[in-house]
Amino acid sequence: AQKVTQAQTEISVVEKEDVTLDCVYETRDTTYYLFWYKQPPSGELVFLIRRNSFDEQNEISGRYSWNFQKSTSSFNFTITASQVVDSAVYFCALNIGGATNKLIFGTGTLLAVQP
Amino acid sequence: KAGVTQTPRYLIKTRGQQVTLSCSPISGHRSVSWYQQTPGQGLQFLFEYFSETQRNKGNFPGRFSGRQFSNSRSEMNVSTLELGDSALYLCASSLRDNNEKLFFGSGTQLSVL
């Protein structure tokens with residue numbers, strides 16, 4: 001069975017702090033894709049990153065960075081120097097590959113960045 | 001380029017009624033999928049369409065159905081509404097049908113009284 005676990009329900013930080021959002025996934029498939037989406041109060045989910053199971057390179061995009069480790073089945077997301085605009089719910093999701101865009105989502109982490 | 005458009009934005013229905021939600025994907029996108037979001041169950045996959053064909057269906061009762069038209073627009077229908085169907089229904093589109101990043105609409109907030 002496929003599953004995504006985001007153990008942190010809520011995180012509160014003060015602006016400029018670094019914060020890491022954890023994501024652990026389960027799948028027996030050898031080909032799969034991992035995603036992070038952000039859901040601001042407006043409701044629509046916004047794509048942040050996609051990573052396939054064969055690419056364990058870490059990625060950095062501005063203040064965002066992602067650490068993918070197959071050995072621990074984790075795909076963690078770090079925001080450096082957090083800002084109030086980063087406040088949102090963040091979802092990690094799994095796609096098992098093949099001709100489908102179906103996503104299995106984690107329960108999300110609510111990040112509150114205080115000024 | 002316009003984003004994914006979902007109508008209506010809010011809907012209030014009573015138990016036993018039926019409802020139809022609409023989704024217009026980004027121009028050129030042929031894949032449309034639907035998700036239900038509730039505080040208790042989180043984000044759950046409903047169905048996925050590509051070129052008018054249903055590719056996948058989530059674990060929902062037969063009261064939930066959908067379709068996709070030749071212009072890629074999609075509708076989902078829920079018949080015999082129950083209180084537990086109250087949720088945010090999100091539509092997403094993408095260019096192709098394999099492992100693509102999804103573009104989401106703002107959703108339809110359905111309240112069943």
# chains A, B, ... in the order shown; residues from 1 in each chain; ligands from 1

call {"tool": "residues_around", "arguments": {"residues": "Arg96 in chain B", "least_positions_apart": "2", "cutoff": "10 Å", "atoms": "only C-alpha atoms", "output": "list of chain:residue names"}}
result
A:Ala99, A:Thr100, A:Asn101, B:Gly28, B:His29, B:Arg30, B:Ser31, B:Val32, B:Phe50, B:Ser51, B:Ser93, B:Ser94, B:Asn98, B:Asn99, B:Glu100, B:Lys101, B:Leu102

call {"tool": "write_last_selection", "arguments": {"atoms": "N, CA and C atoms", "output": "mmCIF file, in the first residue's frame"}}
result
data_model
loop_
_atom_site.group_PDB
_atom_site.id
_atom_site.type_symbol
_atom_site.label_atom_id
_atom_site.label_comp_id
_atom_site.auth_asym_id
_atom_site.auth_seq_id
_atom_site.Cartn_x
_atom_site.Cartn_y
_atom_site.Cartn_z
ATOM 1 N N ALA A 99 0.739 5.726 -16.206
ATOM 2 C CA ALA A 99 -0.126 6.701 -16.883
ATOM 3 C C ALA A 99 -1.195 7.230 -15.941
ATOM 4 N N THR A 100 -0.753 7.950 -14.948
ATOM 5 C CA THR A 100 -1.689 8.540 -14.006
ATOM 6 C C THR A 100 -1.062 9.754 -13.331
ATOM 7 N N ASN A 101 -1.926 10.719 -13.028
ATOM 8 C CA ASN A 101 -1.486 11.859 -12.232
ATOM 9 C C ASN A 101 -1.999 11.767 -10.806
ATOM 10 N N GLY B 28 -5.564 23.892 -23.237
ATOM 11 C CA GLY B 28 -4.573 22.944 -23.745
ATOM 12 C C GLY B 28 -4.348 21.744 -22.843
ATOM 13 N N HIS B 29 -4.784 21.831 -21.607
ATOM 14 C CA HIS B 29 -4.637 20.692 -20.685
ATOM 15 C C HIS B 29 -5.732 19.668 -20.953
ATOM 16 N N ARG B 30 -5.324 18.408 -21.047
ATOM 17 C CA ARG B 30 -6.277 17.348 -21.359
ATOM 18 C C ARG B 30 -6.574 16.437 -20.171
ATOM 19 N N SER B 31 -5.811 16.596 -19.129
ATOM 20 C CA SER B 31 -6.017 15.754 -17.946
ATOM 21 C C SER B 31 -6.673 16.573 -16.843
ATOM 22 N N VAL B 32 -7.736 16.033 -16.285
ATOM 23 C CA VAL B 32 -8.440 16.683 -15.176
ATOM 24 C C VAL B 32 -8.644 15.662 -14.069
ATOM 25 N N PHE B 50 -8.796 11.752 -18.779
ATOM 26 C CA PHE B 50 -7.879 12.176 -19.830
ATOM 27 C C PHE B 50 -8.561 11.932 -21.162
ATOM 28 N N SER B 51 -8.657 12.984 -21.948
ATOM 29 C CA SER B 51 -9.325 12.887 -23.261
ATOM 30 C C SER B 51 -10.662 12.159 -23.152
ATOM 31 N N SER B 93 -5.743 20.354 -13.207
ATOM 32 C CA SER B 93 -5.499 19.972 -14.592
ATOM 33 C C SER B 93 -4.006 19.883 -14.872
ATOM 34 N N SER B 94 -3.675 19.142 -15.920
ATOM 35 C CA SER B 94 -2.295 19.054 -16.371
ATOM 36 C C SER B 94 -2.287 18.749 -17.851
ATOM 37 N N ASN B 98 0.692 11.588 -17.175
ATOM 38 C CA ASN B 98 1.634 10.747 -16.442
ATOM 39 C C ASN B 98 2.572 11.557 -15.555
ATOM 40 N N ASN B 99 2.256 11.509 -14.268
ATOM 41 C CA ASN B 99 3.154 12.005 -13.234
ATOM 42 C C ASN B 99 3.469 13.490 -13.334
ATOM 43 N N GLU B 100 2.543 14.218 -13.897
ATOM 44 C CA GLU B 100 2.763 15.644 -14.130
ATOM 45 C C GLU B 100 2.476 16.472 -12.876
ATOM 46 N N LYS B 101 3.022 17.662 -12.836
ATOM 47 C CA LYS B 101 2.609 18.591 -11.796
ATOM 48 C C LYS B 101 1.186 19.039 -12.124
ATOM 49 N N LEU B 102 0.408 19.213 -11.079
ATOM 50 C CA LEU B 102 -0.985 19.587 -11.246
ATOM 51 C C LEU B 102 -1.188 21.068 -10.938
#

call {"tool": "select_by_dssp", "arguments": {"residues": "chain B", "states": "strand (DSSP E or B)", "output": "ChimeraX atom specification"}}
result
/B:5-7,10-13,19-24,31-38,42-50,53-57,64-68,74-78,87-94,103-104,108-112

call {"tool": "interface_residues", "arguments": {"of": "chain A", "to": "chain B", "cutoff": "9 Å", "atoms": "only C-alpha atoms", "output": "JSON, numbers by chain"}}
result
{"A": [32, 33, 35, 42, 43, 44, 45, 46, 47, 48, 49, 50, 95, 96, 97, 98, 99, 100, 101, 102, 103, 104, 105, 106, 107, 108]}

call {"tool": "closest_residue", "arguments": {"among": "A:Leu34, A:Val19, A:Leu94, A:Val13", "to": "Pro115 in chain A", "atoms": "only C-alpha atoms"}}
result
A:Val13

call {"tool": "atom_distance", "arguments": {"atom1": "CA of Gln54 in chain B", "atom2": "CA of Gln6 in chain B"}}
result
19.2 Å

call {"tool": "atom_distance", "arguments": {"atom1": "CA of Gln17 in chain B", "atom2": "CA of Tyr89 in chain B"}}
result
16.9 Å

call {"tool": "residues_around", "arguments": {"residues": "range 66-81 of chain B", "least_positions_apart": "3", "cutoff": "6 Å", "atoms": "only C-alpha atoms", "output": "VMD selection string"}}
result
chain B and resid 15 to 24 30 52 63

call {"tool": "write_last_selection", "arguments": {"atoms": "N, CA and C atoms", "output": "CSV table (one decimal), in the first residue's frame"}}
result
chain,number,residue,atom,x,y,z
B,15,ARG,N,-29.7,17.6,2.6
B,15,ARG,CA,-29.5,16.1,2.4
B,15,ARG,C,-30.5,15.6,1.4
B,16,GLY,N,-30.1,14.7,0.6
B,16,GLY,CA,-30.9,14.0,-0.4
B,16,GLY,C,-30.9,14.7,-1.7
B,17,GLN,N,-30.5,15.9,-1.8
B,17,GLN,CA,-30.4,16.6,-3.1
B,17,GLN,C,-29.2,16.1,-3.8
B,18,GLN,N,-29.1,16.6,-5.1
B,18,GLN,CA,-27.9,16.3,-5.9
B,18,GLN,C,-27.2,17.6,-6.3
B,19,VAL,N,-26.0,17.5,-6.7
B,19,VAL,CA,-25.2,18.7,-7.0
B,19,VAL,C,-24.3,18.4,-8.1
B,20,THR,N,-24.1,19.4,-9.0
B,20,THR,CA,-23.1,19.3,-10.1
B,20,THR,C,-22.1,20.4,-9.9
B,21,LEU,N,-20.8,20.0,-9.9
B,21,LEU,CA,-19.7,21.0,-9.9
B,21,LEU,C,-19.0,21.0,-11.2
B,22,SER,N,-18.5,22.2,-11.6
B,22,SER,CA,-17.9,22.4,-12.9
B,22,SER,C,-16.4,22.8,-12.8
B,23,CYS,N,-15.7,22.4,-13.7
B,23,CYS,CA,-14.2,22.7,-13.7
B,23,CYS,C,-13.8,22.9,-15.2
B,24,SER,N,-13.2,24.1,-15.4
B,24,SER,CA,-12.6,24.4,-16.7
B,24,SER,C,-11.1,24.4,-16.5
B,30,ARG,N,-5.3,18.4,-21.0
B,30,ARG,CA,-6.3,17.3,-21.4
B,30,ARG,C,-6.6,16.4,-20.2
B,52,GLU,N,-11.5,12.6,-22.2
B,52,GLU,CA,-12.9,12.2,-22.0
B,52,GLU,C,-13.0,10.8,-21.4
B,63,ARG,N,-22.4,7.2,-5.6
B,63,ARG,CA,-23.1,8.5,-5.7
B,63,ARG,C,-22.2,9.6,-6.3

call {"tool": "residues_around", "arguments": {"residues": "Thr109 in chain A", "least_positions_apart": "3", "cutoff": "9 Å", "atoms": "only C-alpha atoms", "output": "JSON, numbers by chain"}}
result
{"A": [6, 7, 8, 9, 10, 11, 21, 22, 88, 89, 90, 91, 92, 106]}

call {"tool": "closest_residue", "arguments": {"among": "A:Tyr37, A:Phe77, A:Phe54, A:Phe68", "to": "Thr20 in chain A", "atoms": "only C-alpha atoms"}}
result
A:Phe77

call {"tool": "residues_around", "arguments": {"residues": "Ile60 in chain A", "least_positions_apart": "5", "cutoff": "10 Å", "atoms": "only C-alpha atoms", "output": "number ranges by chain"}}
result
A: 65-67, 77-79

call {"tool": "write_last_selection", "arguments": {"atoms": "N, CA, C and O atoms", "output": "PDB file, in the first residue's frame"}}
result
ATOM      1  N   SER A  65      14.578  24.442   0.033  1.00  0.00           N
ATOM      2  CA  SER A  65      15.448  23.323  -0.317  1.00  0.00           C
ATOM      3  C   SER A  65      14.758  22.022   0.072  1.00  0.00           C
ATOM      4  O   SER A  65      13.924  21.993   0.981  1.00  0.00           O
ATOM      5  N   TRP A  66      15.102  20.970  -0.670  1.00  0.00           N
ATOM      6  CA  TRP A  66      14.483  19.674  -0.452  1.00  0.00           C
ATOM      7  C   TRP A  66      15.569  18.613  -0.324  1.00  0.00           C
ATOM      8  O   TRP A  66      16.545  18.590  -1.077  1.00  0.00           O
ATOM      9  N   ASN A  67      15.357  17.715   0.648  1.00  0.00           N
ATOM     10  CA  ASN A  67      16.291  16.631   0.900  1.00  0.00           C
ATOM     11  C   ASN A  67      15.570  15.306   0.713  1.00  0.00           C
ATOM     12  O   ASN A  67      14.669  14.968   1.490  1.00  0.00           O
ATOM     13  N   PHE A  77      11.448  19.111   3.503  1.00  0.00           N
ATOM     14  CA  PHE A  77      11.393  20.443   2.877  1.00  0.00           C
ATOM     15  C   PHE A  77      11.831  21.480   3.913  1.00  0.00           C
ATOM     16  O   PHE A  77      11.280  21.525   5.003  1.00  0.00           O
ATOM     17  N   THR A  78      12.820  22.280   3.548  1.00  0.00           N
ATOM     18  CA  THR A  78      13.322  23.305   4.456  1.00  0.00           C
ATOM     19  C   THR A  78      13.121  24.687   3.861  1.00  0.00           C
ATOM     20  O   THR A  78      13.418  24.924   2.689  1.00  0.00           O
ATOM     21  N   ILE A  79      12.598  25.576   4.691  1.00  0.00           N
ATOM     22  CA  ILE A  79      12.483  26.985   4.319  1.00  0.00           C
ATOM     23  C   ILE A  79      13.513  27.742   5.145  1.00  0.00           C
ATOM     24  O   ILE A  79      13.501  27.679   6.391  1.00  0.00           O
TER      25      ILE A  79
END

call {"tool": "select_by_dssp", "arguments": {"residues": "range 7-109 of chain A", "states": "helix (DSSP H, G or I)", "output": "list in words"}}
result
Lys70, Ser71, Thr72, Val84, Val85 and Asp86 of chain A

call {"tool": "write_last_selection", "arguments": {"atoms": "all heavy atoms", "output": "tab-separated table (two decimals), in the first residue's frame"}}
result
chain	number	residue	atom	x	y	z
A	70	LYS	N	16.21	8.05	-0.10
A	70	LYS	CA	15.50	6.79	-0.30
A	70	LYS	C	15.76	5.83	0.85
A	70	LYS	O	14.90	5.02	1.20
A	70	LYS	CB	15.93	6.15	-1.63
A	70	LYS	CG	15.34	6.84	-2.83
A	70	LYS	CD	15.82	6.24	-4.11
A	70	LYS	CE	15.17	4.92	-4.40
A	70	LYS	NZ	15.44	4.45	-5.77
A	71	SER	N	16.92	5.89	1.46
A	71	SER	CA	17.27	4.96	2.54
A	71	SER	C	16.32	5.09	3.72
A	71	SER	O	16.06	4.12	4.44
A	71	SER	CB	18.71	5.19	2.99
A	71	SER	OG	18.88	6.51	3.48
A	72	THR	N	15.80	6.29	3.93
A	72	THR	CA	14.86	6.51	5.05
A	72	THR	C	13.47	6.84	4.54
A	72	THR	O	12.59	7.18	5.32
A	72	THR	CB	15.36	7.66	5.93
A	72	THR	OG1	15.54	8.83	5.12
A	72	THR	CG2	16.66	7.31	6.62
A	84	VAL	N	6.57	35.85	6.69
A	84	VAL	CA	5.14	35.75	7.01
A	84	VAL	C	4.37	35.17	5.81
A	84	VAL	O	3.42	34.41	5.98
A	84	VAL	CB	4.58	37.12	7.42
A	84	VAL	CG1	3.07	37.07	7.57
A	84	VAL	CG2	5.22	37.59	8.73
A	85	VAL	N	4.78	35.50	4.60
A	85	VAL	CA	4.09	35.02	3.40
A	85	VAL	C	4.22	33.51	3.21
A	85	VAL	O	3.52	32.92	2.39
A	85	VAL	CB	4.59	35.72	2.13
A	85	VAL	CG1	4.20	37.18	2.16
A	85	VAL	CG2	6.07	35.54	1.93
A	86	ASP	N	5.12	32.90	3.97
A	86	ASP	CA	5.26	31.44	3.89
A	86	ASP	C	4.18	30.72	4.69
A	86	ASP	O	4.04	29.50	4.60
A	86	ASP	CB	6.63	31.00	4.42
A	86	ASP	CG	7.79	31.50	3.57
A	86	ASP	OD1	7.61	31.62	2.33
A	86	ASP	OD2	8.87	31.80	4.14

call {"tool": "residues_around", "arguments": {"residues": "Ser87 in chain A", "least_positions_apart": "2", "cutoff": "9 Å", "atoms": "only C-alpha atoms", "output": "PyMOL selection string"}}
result
chain A and resi 40-41+82-85+89+110-114

call {"tool": "write_last_selection", "arguments": {"atoms": "all heavy atoms", "output": "PDB file, in the first residue's frame"}}
result
ATOM      1  N   PRO A  40      -2.279  28.101   0.446  1.00  0.00           N
ATOM      2  CA  PRO A  40      -2.516  29.330   1.205  1.00  0.00           C
ATOM      3  C   PRO A  40      -3.999  29.415   1.567  1.00  0.00           C
ATOM      4  O   PRO A  40      -4.794  28.587   1.112  1.00  0.00           O
ATOM      5  CB  PRO A  40      -2.108  30.429   0.217  1.00  0.00           C
ATOM      6  CG  PRO A  40      -2.279  29.812  -1.127  1.00  0.00           C
ATOM      7  CD  PRO A  40      -2.046  28.335  -0.980  1.00  0.00           C
ATOM      8  N   PRO A  41      -4.385  30.403   2.358  1.00  0.00           N
ATOM      9  CA  PRO A  41      -5.794  30.529   2.765  1.00  0.00           C
ATOM     10  C   PRO A  41      -6.776  30.620   1.598  1.00  0.00           C
ATOM     11  O   PRO A  41      -7.946  30.288   1.758  1.00  0.00           O
ATOM     12  CB  PRO A  41      -5.796  31.811   3.591  1.00  0.00           C
ATOM     13  CG  PRO A  41      -4.406  31.897   4.131  1.00  0.00           C
ATOM     14  CD  PRO A  41      -3.524  31.353   3.045  1.00  0.00           C
ATOM     15  N   SER A  82      12.506  32.147   7.122  1.00  0.00           N
ATOM     16  CA  SER A  82      11.067  32.151   6.843  1.00  0.00           C
ATOM     17  C   SER A  82      10.494  33.575   6.873  1.00  0.00           C
ATOM     18  O   SER A  82      11.020  34.477   7.543  1.00  0.00           O
ATOM     19  CB  SER A  82      10.338  31.280   7.862  1.00  0.00           C
ATOM     20  OG  SER A  82      10.576  31.756   9.172  1.00  0.00           O
ATOM     21  N   GLN A  83       9.417  33.732   6.104  1.00  0.00           N
ATOM     22  CA  GLN A  83       8.728  35.014   6.025  1.00  0.00           C
ATOM     23  C   GLN A  83       7.253  34.794   6.313  1.00  0.00           C
ATOM     24  O   GLN A  83       6.731  33.686   6.151  1.00  0.00           O
ATOM     25  CB  GLN A  83       8.908  35.616   4.624  1.00  0.00           C
ATOM     26  CG  GLN A  83      10.343  35.887   4.242  1.00  0.00           C
ATOM     27  CD  GLN A  83      10.486  36.389   2.818  1.00  0.00           C
ATOM     28  OE1 GLN A  83       9.489  36.571   2.104  1.00  0.00           O
ATOM     29  NE2 GLN A  83      11.718  36.614   2.389  1.00  0.00           N
ATOM     30  N   VAL A  84       6.569  35.852   6.687  1.00  0.00           N
ATOM     31  CA  VAL A  84       5.141  35.749   7.006  1.00  0.00           C
ATOM     32  C   VAL A  84       4.366  35.173   5.813  1.00  0.00           C
ATOM     33  O   VAL A  84       3.421  34.405   5.983  1.00  0.00           O
ATOM     34  CB  VAL A  84       4.585  37.122   7.424  1.00  0.00           C
ATOM     35  CG1 VAL A  84       3.069  37.068   7.565  1.00  0.00           C
ATOM     36  CG2 VAL A  84       5.222  37.587   8.728  1.00  0.00           C
ATOM     37  N   VAL A  85       4.785  35.499   4.605  1.00  0.00           N
ATOM     38  CA  VAL A  85       4.086  35.018   3.398  1.00  0.00           C
ATOM     39  C   VAL A  85       4.223  33.508   3.211  1.00  0.00           C
ATOM     40  O   VAL A  85       3.516  32.920   2.390  1.00  0.00           O
ATOM     41  CB  VAL A  85       4.589  35.725   2.126  1.00  0.00           C
ATOM     42  CG1 VAL A  85       4.201  37.185   2.163  1.00  0.00           C
ATOM     43  CG2 VAL A  85       6.075  35.544   1.928  1.00  0.00           C
ATOM     44  N   VAL A  89      -0.588  25.854   4.560  1.00  0.00           N
ATOM     45  CA  VAL A  89      -0.514  24.418   4.804  1.00  0.00           C
ATOM     46  C   VAL A  89       0.323  23.807   3.686  1.00  0.00           C
ATOM     47  O   VAL A  89       0.106  24.111   2.512  1.00  0.00           O
ATOM     48  CB  VAL A  89      -1.911  23.767   4.830  1.00  0.00           C
ATOM     49  CG1 VAL A  89      -1.786  22.275   5.133  1.00  0.00           C
ATOM     50  CG2 VAL A  89      -2.797  24.446   5.867  1.00  0.00           C
ATOM     51  N   LEU A 110       0.566  22.640   8.927  1.00  0.00           N
ATOM     52  CA  LEU A 110       0.220  24.058   8.965  1.00  0.00           C
ATOM     53  C   LEU A 110       1.404  24.841   9.523  1.00  0.00           C
ATOM     54  O   LEU A 110       1.826  24.627  10.659  1.00  0.00           O
ATOM     55  CB  LEU A 110      -1.014  24.284   9.843  1.00  0.00           C
ATOM     56  CG  LEU A 110      -1.379  25.746  10.117  1.00  0.00           C
ATOM     57  CD1 LEU A 110      -1.694  26.473   8.816  1.00  0.00           C
ATOM     58  CD2 LEU A 110      -2.544  25.839  11.087  1.00  0.00           C
ATOM     59  N   LEU A 111       1.962  25.701   8.691  1.00  0.00           N
ATOM     60  CA  LEU A 111       3.095  26.519   9.104  1.00  0.00           C
ATOM     61  C   LEU A 111       2.606  27.938   9.372  1.00  0.00           C
ATOM     62  O   LEU A 111       2.004  28.571   8.501  1.00  0.00           O
ATOM     63  CB  LEU A 111       4.163  26.541   8.009  1.00  0.00           C
ATOM     64  CG  LEU A 111       5.344  27.490   8.254  1.00  0.00           C
ATOM     65  CD1 LEU A 111       6.135  27.047   9.491  1.00  0.00           C
ATOM     66  CD2 LEU A 111       6.256  27.567   7.037  1.00  0.00           C
ATOM     67  N   ALA A 112       2.854  28.407  10.578  1.00  0.00           N
ATOM     68  CA  ALA A 112       2.517  29.782  10.943  1.00  0.00           C
ATOM     69  C   ALA A 112       3.817  30.524  11.213  1.00  0.00           C
ATOM     70  O   ALA A 112       4.589  30.129  12.090  1.00  0.00           O
ATOM     71  CB  ALA A 112       1.622  29.797  12.172  1.00  0.00           C
ATOM     72  N   VAL A 113       4.054  31.564  10.437  1.00  0.00           N
ATOM     73  CA  VAL A 113       5.253  32.373  10.623  1.00  0.00           C
ATOM     74  C   VAL A 113       4.826  33.693  11.259  1.00  0.00           C
ATOM     75  O   VAL A 113       4.071  34.472  10.670  1.00  0.00           O
ATOM     76  CB  VAL A 113       5.970  32.636   9.284  1.00  0.00           C
ATOM     77  CG1 VAL A 113       7.238  33.441   9.529  1.00  0.00           C
ATOM     78  CG2 VAL A 113       6.302  31.315   8.588  1.00  0.00           C
ATOM     79  N   GLN A 114       5.292  33.912  12.470  1.00  0.00           N
ATOM     80  CA  GLN A 114       4.919  35.116  13.223  1.00  0.00           C
ATOM     81  C   GLN A 114       5.899  36.245  12.918  1.00  0.00           C
ATOM     82  O   GLN A 114       7.095  36.013  12.799  1.00  0.00           O
ATOM     83  CB  GLN A 114       4.929  34.816  14.729  1.00  0.00           C
ATOM     84  CG  GLN A 114       4.178  33.565  15.141  1.00  0.00           C
ATOM     85  CD  GLN A 114       2.697  33.651  14.855  1.00  0.00           C
ATOM     86  OE1 GLN A 114       2.131  34.740  14.784  1.00  0.00           O
ATOM     87  NE2 GLN A 114       2.055  32.503  14.684  1.00  0.00           N
TER      88      GLN A 114
END
